[in-house]
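Worksheet: one structure, shown below.
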Amino acid sequence: WISFFNIVFTLDRFGTAMNPSSILMCSQMVKALSGALRHEQVRCNYISKQILPLDTPRSRTSPERSISEELSGILVSVFDAIQRKQMISIQVNGWLQLSTPPAIDQIPYRGLSSILPYDTFLPFEDTPYKLLASLPPGSAEAVQLFLKHANPFRSFQDLHMDLDIPLAALLRMAGRLVDWQLGCIVETVSKHSIYVVNSEADLDCESRRADEFKGFAAEVLTNNWRLLDLLQRFSMPRSLGYHLNEVERQGRSTAEFKACVLWLLRSRLLVQTKTFVMVSLPESQTVGEYLVARGVEEPEFSRIVHLAEFLDGEHHLEDVMWREGISRTQLEGILSRFSDMVTWAFL
């Protein structure tokens with residue numbers, strides 16, 4: 001009977017695992033695994049059954065022991081996941097499920113509080129069945145339903161209407177799926193989205209990403225798409241609608257081009273450029289004074305004054321549209337009419 005045991009992972013002080021987030025992840029998993037093993041030891045003497053005697057000359061005079069293949073497999077899986085900074089999902093004694101999120105620096109979103117209704121979930125797999133196969137055992141039916149309908153071209157607000165699932169619940173599920181490294185949070189992909197090549201991307205034709213794209217192209221695409229040709233299209237900030245028109249004019253598949261764009265976003269080879277608008281008036285003039293001089297009357301006067309609160313360089317167009325409850329056409333119409341009081345920036 002074993003009443004006391006330790007779990008120890010030895011990390012290379014110069015290795016990739018030696019950073020605060022990985023150490024925290026390791027600590028959390030050791031605590032969770034220790035608790036699970038202690039529970040099973042008390043319940044059914046599990047650890048004692050996993051300790052095997054070594055059949056060596058020395059073991060006949062000293063109590064040398066080894067652990068079973070089952071238990072060593074669990075420990076190796078945990079350590080390997082920590083090294084790779086991946087989500088850990090294992091079963092102890094065939095039934096006790098343990099899942100721990102990946103290292104914090106691998107989570108590609110700013111936090112649940114910053115996920116907004118105009119955002120969307122971008123799955124890391126390109127087909128629903130692959131996503132569902134990646135879920136930890138026992139995942140809720142609502143999560144499975146969400147993944148079946150996850151579409152980067154549909155916002156959380158759209159999915160809320162489509163699936164009749166409360167918006168707050170959708171946002172929580174999306175945050176959990178990000179924790180599980182099944183996807184990331186992006187702004188909904190639309191014809192107005194502007195993307196450029198990530199300045200930190202490895203563009204070497206022999207890079208790992210290049211090899212991954214060849215595999216993606218062979219599995220999903222029928223046309224001859226080359227990674228460098230795709231990236232060349234995004235060397236300048238232009239809307240996705242512009243690119244789709246160009247692809248259609250060239251007689252190529254717009255559906256496959258969209259699939260390529262999603263792959264580039266998943267691989268972080270593209271980043272989004274956002275449009276910001278700022279009020280640009282002389283320091284001595286307020287927005288109200290400007291509108292009076294232009295002869296603007298109520299109720300438009302109050303609406304423009306309120307709108308100007310978000311034209312501060314901190315809110316991009318999609319955020320302003322959401323906060324004001326207006327369409328892109330309405331917002332662009334207002335900004336066009338009062339173009340002499342605003343400055344545009346693309347970041």
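Letters for chains follow the order of the structure tokens (A, B, ...), residue numbers begin at 1 for each chain, and ligand numbers begin at 1 in the order shown.
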Could you pull the residues within 8 Å of Phe257 in chain A, counting only C-alpha atoms, minus those fewer than 3 positions along the same chain, as an mmCIF file with all heavy atoms, in the first residue's frame?
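Listed below is the output, result04.cif:
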```cif
data_model
loop_
_atom_site.group_PDB
_atom_site.id
_atom_site.type_symbol
_atom_site.label_atom_id
_atom_site.label_comp_id
_atom_site.auth_asym_id
_atom_site.auth_seq_id
_atom_site.Cartn_x
_atom_site.Cartn_y
_atom_site.Cartn_z
ATOM 1 N N LEU A 244 -11.568 39.318 -54.362
ATOM 2 C CA LEU A 244 -12.536 38.370 -54.913
ATOM 3 C C LEU A 244 -12.918 38.748 -56.338
ATOM 4 O O LEU A 244 -13.081 37.879 -57.210
ATOM 5 C CB LEU A 244 -13.774 38.303 -54.017
ATOM 6 C CG LEU A 244 -13.581 37.621 -52.662
ATOM 7 C CD1 LEU A 244 -14.817 37.804 -51.790
ATOM 8 C CD2 LEU A 244 -13.274 36.135 -52.845
ATOM 9 N N VAL A 247 -10.051 37.686 -58.560
ATOM 10 C CA VAL A 247 -10.032 36.232 -58.745
ATOM 11 C C VAL A 247 -11.116 35.814 -59.738
ATOM 12 O O VAL A 247 -10.881 34.987 -60.634
ATOM 13 C CB VAL A 247 -10.230 35.517 -57.397
ATOM 14 C CG1 VAL A 247 -10.504 34.035 -57.595
ATOM 15 C CG2 VAL A 247 -8.998 35.709 -56.515
ATOM 16 N N SER A 253 -11.650 30.058 -58.930
ATOM 17 C CA SER A 253 -12.700 29.772 -57.955
ATOM 18 C C SER A 253 -12.625 30.734 -56.769
ATOM 19 O O SER A 253 -11.619 30.747 -56.041
ATOM 20 C CB SER A 253 -12.582 28.325 -57.468
ATOM 21 O OG SER A 253 -13.412 28.096 -56.354
ATOM 22 N N THR A 254 -13.686 31.510 -56.555
ATOM 23 C CA THR A 254 -13.720 32.410 -55.395
ATOM 24 C C THR A 254 -13.879 31.610 -54.104
ATOM 25 O O THR A 254 -13.378 32.017 -53.050
ATOM 26 C CB THR A 254 -14.866 33.425 -55.520
ATOM 27 O OG1 THR A 254 -16.104 32.731 -55.714
ATOM 28 C CG2 THR A 254 -14.627 34.362 -56.705
ATOM 29 N N CYS A 260 -8.393 29.632 -49.042
ATOM 30 C CA CYS A 260 -6.977 29.991 -48.908
ATOM 31 C C CYS A 260 -6.795 31.132 -47.911
ATOM 32 O O CYS A 260 -5.865 31.123 -47.096
ATOM 33 C CB CYS A 260 -6.405 30.397 -50.267
ATOM 34 S SG CYS A 260 -6.236 29.041 -51.446
ATOM 35 N N VAL A 261 -7.696 32.122 -47.966
ATOM 36 C CA VAL A 261 -7.608 33.260 -47.044
ATOM 37 C C VAL A 261 -7.757 32.790 -45.604
ATOM 38 O O VAL A 261 -7.010 33.211 -44.709
ATOM 39 C CB VAL A 261 -8.676 34.322 -47.382
ATOM 40 C CG1 VAL A 261 -8.753 35.392 -46.291
ATOM 41 C CG2 VAL A 261 -8.369 34.976 -48.732
#
```
Long-range neighbours of range 160-167 of chain A as a PyMOL selection string, 12 Å cut-off, only C-alpha atoms, 6 positions minimum in chain = chain A and resi 115-120+141-151+154+173-174
Output C-alpha atoms for every residue in the selection just made, as a PDB file, in the first residue's frame.
```pdb
ATOM      1  CA  ILE A 115     -14.880  39.288 -27.430  1.00  0.00           C
ATOM      2  CA  LEU A 116     -17.631  41.327 -29.059  1.00  0.00           C
ATOM      3  CA  PRO A 117     -20.781  40.416 -31.034  1.00  0.00           C
ATOM      4  CA  TYR A 118     -19.233  41.506 -34.342  1.00  0.00           C
ATOM      5  CA  ASP A 119     -16.310  39.113 -33.815  1.00  0.00           C
ATOM      6  CA  THR A 120     -16.356  35.470 -34.873  1.00  0.00           C
ATOM      7  CA  GLU A 141     -24.127  19.296 -26.994  1.00  0.00           C
ATOM      8  CA  ALA A 142     -24.326  23.096 -27.269  1.00  0.00           C
ATOM      9  CA  VAL A 143     -20.554  23.238 -27.921  1.00  0.00           C
ATOM     10  CA  GLN A 144     -20.859  20.568 -30.593  1.00  0.00           C
ATOM     11  CA  LEU A 145     -23.760  22.469 -32.198  1.00  0.00           C
ATOM     12  CA  PHE A 146     -21.717  25.668 -32.135  1.00  0.00           C
ATOM     13  CA  LEU A 147     -18.784  23.976 -33.872  1.00  0.00           C
ATOM     14  CA  LYS A 148     -20.992  22.425 -36.542  1.00  0.00           C
ATOM     15  CA  HIS A 149     -22.213  25.903 -37.515  1.00  0.00           C
ATOM     16  CA  ALA A 150     -19.050  27.922 -36.809  1.00  0.00           C
ATOM     17  CA  ASN A 151     -18.414  30.088 -39.849  1.00  0.00           C
ATOM     18  CA  ARG A 154     -20.870  34.843 -39.734  1.00  0.00           C
ATOM     19  CA  MET A 173     -18.138  28.759 -25.527  1.00  0.00           C
ATOM     20  CA  ALA A 174     -15.854  30.562 -27.968  1.00  0.00           C
TER      21      ALA A 174
END
```
Quick one: everything within 9 Å of range 313-330 of chain A, counting only C-alpha atoms, minus sequence neighbours fewer than 2 positions away in the same chain. Send it as a PDB file with N, CA, C and O atoms, in the first residue's frame.
```pdb
ATOM      1  N   LEU A 116     -16.452  40.510 -28.814  1.00  0.00           N
ATOM      2  CA  LEU A 116     -17.631  41.327 -29.059  1.00  0.00           C
ATOM      3  C   LEU A 116     -18.544  40.666 -30.091  1.00  0.00           C
ATOM      4  O   LEU A 116     -18.106  39.794 -30.852  1.00  0.00           O
ATOM      5  N   PRO A 117     -19.820  41.074 -30.130  1.00  0.00           N
ATOM      6  CA  PRO A 117     -20.781  40.416 -31.034  1.00  0.00           C
ATOM      7  C   PRO A 117     -20.392  40.457 -32.506  1.00  0.00           C
ATOM      8  O   PRO A 117     -20.808  39.587 -33.276  1.00  0.00           O
ATOM      9  N   TYR A 118     -19.606  41.458 -32.931  1.00  0.00           N
ATOM     10  CA  TYR A 118     -19.233  41.506 -34.342  1.00  0.00           C
ATOM     11  C   TYR A 118     -17.995  40.654 -34.636  1.00  0.00           C
ATOM     12  O   TYR A 118     -17.572  40.558 -35.785  1.00  0.00           O
ATOM     13  N   GLU A 187     -12.170  39.260 -36.186  1.00  0.00           N
ATOM     14  CA  GLU A 187     -13.337  39.985 -36.656  1.00  0.00           C
ATOM     15  C   GLU A 187     -13.940  39.224 -37.826  1.00  0.00           C
ATOM     16  O   GLU A 187     -13.225  38.606 -38.615  1.00  0.00           O
ATOM     17  N   LYS A 274      -7.196  47.671 -39.814  1.00  0.00           N
ATOM     18  CA  LYS A 274      -8.466  48.266 -39.407  1.00  0.00           C
ATOM     19  C   LYS A 274      -8.499  49.754 -39.745  1.00  0.00           C
ATOM     20  O   LYS A 274      -7.461  50.418 -39.793  1.00  0.00           O
ATOM     21  N   THR A 275      -9.702  50.244 -39.965  1.00  0.00           N
ATOM     22  CA  THR A 275      -9.896  51.639 -40.358  1.00  0.00           C
ATOM     23  C   THR A 275     -10.363  52.450 -39.156  1.00  0.00           C
ATOM     24  O   THR A 275     -11.384  52.126 -38.538  1.00  0.00           O
ATOM     25  N   PHE A 276      -9.609  53.479 -38.825  1.00  0.00           N
ATOM     26  CA  PHE A 276      -9.948  54.374 -37.725  1.00  0.00           C
ATOM     27  C   PHE A 276     -10.248  55.767 -38.286  1.00  0.00           C
ATOM     28  O   PHE A 276      -9.635  56.188 -39.267  1.00  0.00           O
ATOM     29  N   VAL A 277     -11.189  56.442 -37.632  1.00  0.00           N
ATOM     30  CA  VAL A 277     -11.546  57.802 -38.039  1.00  0.00           C
ATOM     31  C   VAL A 277     -11.454  58.699 -36.811  1.00  0.00           C
ATOM     32  O   VAL A 277     -11.949  58.343 -35.740  1.00  0.00           O
ATOM     33  N   MET A 278     -10.812  59.856 -36.982  1.00  0.00           N
ATOM     34  CA  MET A 278     -10.616  60.782 -35.860  1.00  0.00           C
ATOM     35  C   MET A 278     -11.139  62.162 -36.224  1.00  0.00           C
ATOM     36  O   MET A 278     -10.959  62.620 -37.366  1.00  0.00           O
ATOM     37  N   VAL A 279     -11.787  62.808 -35.270  1.00  0.00           N
ATOM     38  CA  VAL A 279     -12.195  64.195 -35.455  1.00  0.00           C
ATOM     39  C   VAL A 279     -10.943  65.058 -35.544  1.00  0.00           C
ATOM     40  O   VAL A 279     -10.042  64.952 -34.710  1.00  0.00           O
ATOM     41  N   HIS A 306     -22.916  62.784 -30.611  1.00  0.00           N
ATOM     42  CA  HIS A 306     -22.720  61.503 -29.918  1.00  0.00           C
ATOM     43  C   HIS A 306     -21.767  60.602 -30.700  1.00  0.00           C
ATOM     44  O   HIS A 306     -20.889  59.954 -30.117  1.00  0.00           O
ATOM     45  N   LEU A 307     -21.929  60.570 -32.008  1.00  0.00           N
ATOM     46  CA  LEU A 307     -21.056  59.757 -32.847  1.00  0.00           C
ATOM     47  C   LEU A 307     -19.600  60.194 -32.714  1.00  0.00           C
ATOM     48  O   LEU A 307     -18.680  59.373 -32.682  1.00  0.00           O
ATOM     49  N   PHE A 310     -16.880  58.603 -30.434  1.00  0.00           N
ATOM     50  CA  PHE A 310     -16.160  57.381 -30.814  1.00  0.00           C
ATOM     51  C   PHE A 310     -15.172  57.626 -31.956  1.00  0.00           C
ATOM     52  O   PHE A 310     -14.467  56.702 -32.356  1.00  0.00           O
ATOM     53  N   LEU A 311     -15.128  58.841 -32.471  1.00  0.00           N
ATOM     54  CA  LEU A 311     -14.168  59.177 -33.529  1.00  0.00           C
ATOM     55  C   LEU A 311     -12.929  59.780 -32.884  1.00  0.00           C
ATOM     56  O   LEU A 311     -12.569  60.936 -33.093  1.00  0.00           O
ATOM     57  N   GLU A 332     -20.663  55.443 -43.352  1.00  0.00           N
ATOM     58  CA  GLU A 332     -19.832  56.018 -44.402  1.00  0.00           C
ATOM     59  C   GLU A 332     -20.504  57.223 -45.037  1.00  0.00           C
ATOM     60  O   GLU A 332     -19.826  58.164 -45.482  1.00  0.00           O
ATOM     61  N   GLY A 333     -21.854  57.226 -45.089  1.00  0.00           N
ATOM     62  CA  GLY A 333     -22.578  58.390 -45.611  1.00  0.00           C
ATOM     63  C   GLY A 333     -22.358  59.614 -44.739  1.00  0.00           C
ATOM     64  O   GLY A 333     -22.122  60.727 -45.241  1.00  0.00           O
ATOM     65  N   ILE A 334     -22.430  59.418 -43.417  1.00  0.00           N
ATOM     66  CA  ILE A 334     -22.215  60.534 -42.480  1.00  0.00           C
ATOM     67  C   ILE A 334     -20.784  61.052 -42.587  1.00  0.00           C
ATOM     68  O   ILE A 334     -20.545  62.264 -42.662  1.00  0.00           O
ATOM     69  N   LEU A 335     -19.824  60.125 -42.591  1.00  0.00           N
ATOM     70  CA  LEU A 335     -18.420  60.525 -42.651  1.00  0.00           C
ATOM     71  C   LEU A 335     -18.093  61.215 -43.976  1.00  0.00           C
ATOM     72  O   LEU A 335     -17.247  62.120 -44.017  1.00  0.00           O
ATOM     73  N   TRP A 344      -8.730  59.998 -41.632  1.00  0.00           N
ATOM     74  CA  TRP A 344      -8.771  58.544 -41.701  1.00  0.00           C
ATOM     75  C   TRP A 344      -7.388  57.959 -41.465  1.00  0.00           C
ATOM     76  O   TRP A 344      -6.372  58.542 -41.866  1.00  0.00           O
ATOM     77  N   ALA A 345      -7.350  56.807 -40.828  1.00  0.00           N
ATOM     78  CA  ALA A 345      -6.081  56.106 -40.609  1.00  0.00           C
ATOM     79  C   ALA A 345      -6.313  54.609 -40.746  1.00  0.00           C
ATOM     80  O   ALA A 345      -7.372  54.103 -40.372  1.00  0.00           O
TER      81      ALA A 345
END
```
ask   = Which residues, written as a PyMOL selection string, have at least one atom at most 8 Å from range 30-43 of chain A, with only C-alpha atoms counted and residues fewer than 6 positions away on the same chain left out?
value = chain A and resi 2+6-8+92-93+96+98
I need the chosen residues saved as a CSV table (one decimal), in the first residue's frame, with all heavy atoms.
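Result file part_35.csv:
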```csv
chain,number,residue,atom,x,y,z
A,2,ILE,N,0.6,2.2,-0.9
A,2,ILE,CA,1.4,3.4,-1.0
A,2,ILE,C,0.6,4.6,-0.5
A,2,ILE,O,-0.5,4.8,-0.9
A,2,ILE,CB,1.8,3.7,-2.5
A,2,ILE,CG1,2.7,2.6,-3.1
A,2,ILE,CG2,2.4,5.1,-2.7
A,2,ILE,CD1,3.0,2.8,-4.5
A,6,ASN,N,5.5,11.4,-5.0
A,6,ASN,CA,5.8,12.7,-5.7
A,6,ASN,C,5.7,12.6,-7.2
A,6,ASN,O,6.1,11.5,-7.7
A,6,ASN,CB,7.2,13.2,-5.3
A,6,ASN,CG,7.2,13.6,-3.8
A,6,ASN,OD1,6.4,14.5,-3.4
A,6,ASN,ND2,8.1,13.1,-3.0
A,7,ILE,N,5.3,13.7,-7.8
A,7,ILE,CA,5.4,13.8,-9.3
A,7,ILE,C,6.4,14.9,-9.6
A,7,ILE,O,6.2,16.0,-9.2
A,7,ILE,CB,4.1,14.0,-10.0
A,7,ILE,CG1,3.1,12.9,-9.7
A,7,ILE,CG2,4.2,14.3,-11.5
A,7,ILE,CD1,1.7,13.1,-10.2
A,8,VAL,N,7.5,14.6,-10.3
A,8,VAL,CA,8.5,15.6,-10.6
A,8,VAL,C,8.8,15.6,-12.0
A,8,VAL,O,9.1,14.6,-12.7
A,8,VAL,CB,9.8,15.3,-9.8
A,8,VAL,CG1,10.9,16.3,-10.1
A,8,VAL,CG2,9.6,15.2,-8.3
A,92,VAL,N,-7.2,9.1,-16.6
A,92,VAL,CA,-6.5,8.3,-15.5
A,92,VAL,C,-7.3,7.1,-15.2
A,92,VAL,O,-8.5,7.2,-14.9
A,92,VAL,CB,-6.2,9.2,-14.3
A,92,VAL,CG1,-5.6,8.4,-13.2
A,92,VAL,CG2,-5.3,10.4,-14.7
A,93,ASN,N,-6.7,6.0,-15.2
A,93,ASN,CA,-7.3,4.7,-14.9
A,93,ASN,C,-8.6,4.5,-15.8
A,93,ASN,O,-9.6,3.9,-15.4
A,93,ASN,CB,-7.8,4.7,-13.4
A,93,ASN,CG,-8.0,3.2,-12.9
A,93,ASN,OD1,-7.6,2.3,-13.5
A,93,ASN,ND2,-8.6,3.1,-11.8
A,96,LEU,N,-11.1,8.7,-15.4
A,96,LEU,CA,-11.1,10.1,-14.8
A,96,LEU,C,-10.4,11.0,-15.8
A,96,LEU,O,-9.2,10.9,-16.1
A,96,LEU,CB,-10.2,10.0,-13.5
A,96,LEU,CG,-10.3,11.1,-12.5
A,96,LEU,CD1,-11.8,11.4,-12.1
A,96,LEU,CD2,-9.5,10.9,-11.3
A,98,LEU,N,-8.9,14.4,-17.3
A,98,LEU,CA,-8.2,15.6,-17.0
A,98,LEU,C,-7.9,16.4,-18.2
A,98,LEU,O,-7.4,15.9,-19.2
A,98,LEU,CB,-6.8,15.3,-16.3
A,98,LEU,CG,-6.9,14.7,-14.9
A,98,LEU,CD1,-5.4,14.4,-14.4
A,98,LEU,CD2,-7.6,15.5,-13.9
```
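Straight-line separation from CA of Pro123 in chain A to CA of Met29 in chain A: 25.5 Å.
The nearest approach to Gly94 in chain A among the residues A:Leu71, A:Val78, A:Leu177, A:Ala168, with only C-alpha atoms taken into account, belongs to A:Leu71.
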Sort by chain and increasing residue number a table of all residues of range 250-323 of chain A within 7 Å of range 193-197 of chain A, each with its closest pair of atoms and their distance in Å to one decimal, counting only C-alpha atoms, and write it as JSON lines.
```
{"residue": "A:Leu269", "atom": "CA", "partner": "A:Val197", "partner_atom": "CA", "distance": 5.9}
{"residue": "A:Leu270", "atom": "CA", "partner": "A:Val197", "partner_atom": "CA", "distance": 4.6}
{"residue": "A:Val271", "atom": "CA", "partner": "A:Tyr195", "partner_atom": "CA", "distance": 5.5}
{"residue": "A:Gln272", "atom": "CA", "partner": "A:Tyr195", "partner_atom": "CA", "distance": 4.4}
{"residue": "A:Thr273", "atom": "CA", "partner": "A:Ile194", "partner_atom": "CA", "distance": 5.4}
```
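Of note, CA of Val220 in chain A and CA of Pro152 in chain A are spaced 17.4 Å apart.
Take CA of Ala218 in chain A and CA of Leu262 in chain A: the distance between them is 15.9 Å.
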query = Which residues, written as number ranges by chain, have at least one atom at most 10 Å from Ile304 in chain A, with only C-alpha atoms counted and residues fewer than 3 positions away on the same chain left out?
reply = A: 287-288, 291, 296, 298-301, 307-309, 334-335, 338
Atoms to include: all heavy atoms. Write the selected residues as a short mmCIF file (atom, residue, chain, number, x, y, z; two decimals), in the first residue's frame.
```cif
data_model
loop_
_atom_site.label_atom_id
_atom_site.label_comp_id
_atom_site.auth_asym_id
_atom_site.auth_seq_id
_atom_site.Cartn_x
_atom_site.Cartn_y
_atom_site.Cartn_z
N VAL A 287 -16.95 70.20 -31.78
CA VAL A 287 -17.80 69.57 -32.79
C VAL A 287 -19.13 70.30 -32.89
O VAL A 287 -19.66 70.53 -33.99
CB VAL A 287 -18.02 68.08 -32.44
CG1 VAL A 287 -19.05 67.45 -33.38
CG2 VAL A 287 -16.72 67.32 -32.50
N GLY A 288 -19.68 70.69 -31.73
CA GLY A 288 -20.95 71.41 -31.73
C GLY A 288 -20.85 72.72 -32.50
O GLY A 288 -21.76 73.07 -33.28
N LEU A 291 -20.78 72.03 -36.21
CA LEU A 291 -22.08 71.65 -36.76
C LEU A 291 -23.00 72.87 -36.87
O LEU A 291 -23.78 72.97 -37.84
CB LEU A 291 -22.71 70.57 -35.89
CG LEU A 291 -21.99 69.22 -35.86
CD1 LEU A 291 -22.66 68.28 -34.87
CD2 LEU A 291 -21.95 68.58 -37.24
N VAL A 296 -26.33 72.44 -39.23
CA VAL A 296 -26.94 71.15 -38.89
C VAL A 296 -27.92 71.34 -37.75
O VAL A 296 -27.61 71.98 -36.74
CB VAL A 296 -25.85 70.14 -38.49
CG1 VAL A 296 -26.49 68.80 -38.09
CG2 VAL A 296 -24.87 69.93 -39.63
N GLU A 298 -31.34 69.66 -35.20
CA GLU A 298 -31.81 68.45 -34.54
C GLU A 298 -32.75 67.67 -35.47
O GLU A 298 -33.41 68.29 -36.30
CB GLU A 298 -32.54 68.81 -33.23
CG GLU A 298 -31.66 69.45 -32.18
CD GLU A 298 -30.67 68.46 -31.56
OE1 GLU A 298 -30.69 67.27 -31.92
OE2 GLU A 298 -29.89 68.89 -30.71
N PRO A 299 -32.82 66.35 -35.35
CA PRO A 299 -32.10 65.51 -34.37
C PRO A 299 -30.70 65.11 -34.84
O PRO A 299 -29.96 64.46 -34.11
CB PRO A 299 -33.01 64.30 -34.26
CG PRO A 299 -33.61 64.16 -35.61
CD PRO A 299 -33.82 65.56 -36.12
N GLU A 300 -30.36 65.49 -36.08
CA GLU A 300 -29.06 65.09 -36.62
C GLU A 300 -27.91 65.68 -35.81
O GLU A 300 -26.87 65.04 -35.64
CB GLU A 300 -28.94 65.52 -38.09
CG GLU A 300 -27.69 65.01 -38.77
CD GLU A 300 -27.59 65.45 -40.22
OE1 GLU A 300 -28.15 66.50 -40.56
OE2 GLU A 300 -26.92 64.75 -40.99
N PHE A 301 -28.13 66.89 -35.27
CA PHE A 301 -27.08 67.54 -34.50
C PHE A 301 -26.64 66.66 -33.33
O PHE A 301 -25.45 66.38 -33.15
CB PHE A 301 -27.59 68.90 -33.99
CG PHE A 301 -26.59 69.66 -33.19
CD1 PHE A 301 -25.77 70.60 -33.80
CD2 PHE A 301 -26.45 69.47 -31.81
CE1 PHE A 301 -24.83 71.32 -33.05
CE2 PHE A 301 -25.53 70.16 -31.08
CZ PHE A 301 -24.71 71.10 -31.70
N LEU A 307 -21.93 60.57 -32.01
CA LEU A 307 -21.06 59.76 -32.85
C LEU A 307 -19.60 60.19 -32.71
O LEU A 307 -18.68 59.37 -32.68
CB LEU A 307 -21.50 59.84 -34.30
CG LEU A 307 -20.62 59.15 -35.34
CD1 LEU A 307 -20.61 57.64 -35.11
CD2 LEU A 307 -21.10 59.47 -36.76
N ALA A 308 -19.38 61.49 -32.60
CA ALA A 308 -18.02 62.03 -32.53
C ALA A 308 -17.26 61.54 -31.31
O ALA A 308 -16.02 61.53 -31.30
CB ALA A 308 -18.07 63.56 -32.54
N GLU A 309 -17.98 61.10 -30.26
CA GLU A 309 -17.31 60.58 -29.08
C GLU A 309 -16.48 59.34 -29.40
O GLU A 309 -15.49 59.05 -28.72
CB GLU A 309 -18.35 60.23 -28.01
CG GLU A 309 -19.11 61.44 -27.46
CD GLU A 309 -20.15 61.03 -26.43
OE1 GLU A 309 -20.18 59.83 -26.05
OE2 GLU A 309 -20.94 61.89 -26.02
N ILE A 334 -22.43 59.42 -43.42
CA ILE A 334 -22.21 60.53 -42.48
C ILE A 334 -20.78 61.05 -42.59
O ILE A 334 -20.55 62.26 -42.66
CB ILE A 334 -22.52 60.08 -41.04
CG1 ILE A 334 -24.01 59.76 -40.88
CG2 ILE A 334 -22.09 61.15 -40.04
CD1 ILE A 334 -24.36 59.12 -39.55
N LEU A 335 -19.82 60.12 -42.59
CA LEU A 335 -18.42 60.53 -42.65
C LEU A 335 -18.09 61.22 -43.98
O LEU A 335 -17.25 62.12 -44.02
CB LEU A 335 -17.53 59.30 -42.45
CG LEU A 335 -17.63 58.62 -41.09
CD1 LEU A 335 -16.77 57.36 -41.05
CD2 LEU A 335 -17.22 59.57 -39.97
N PHE A 338 -19.46 64.85 -43.75
CA PHE A 338 -18.67 65.73 -42.88
C PHE A 338 -17.18 65.39 -42.99
O PHE A 338 -16.46 65.39 -41.99
CB PHE A 338 -19.15 65.59 -41.43
CG PHE A 338 -20.59 65.96 -41.25
CD1 PHE A 338 -21.57 64.98 -41.11
CD2 PHE A 338 -20.98 67.29 -41.23
CE1 PHE A 338 -22.89 65.31 -40.95
CE2 PHE A 338 -22.32 67.64 -41.06
CZ PHE A 338 -23.29 66.65 -40.93
#
```
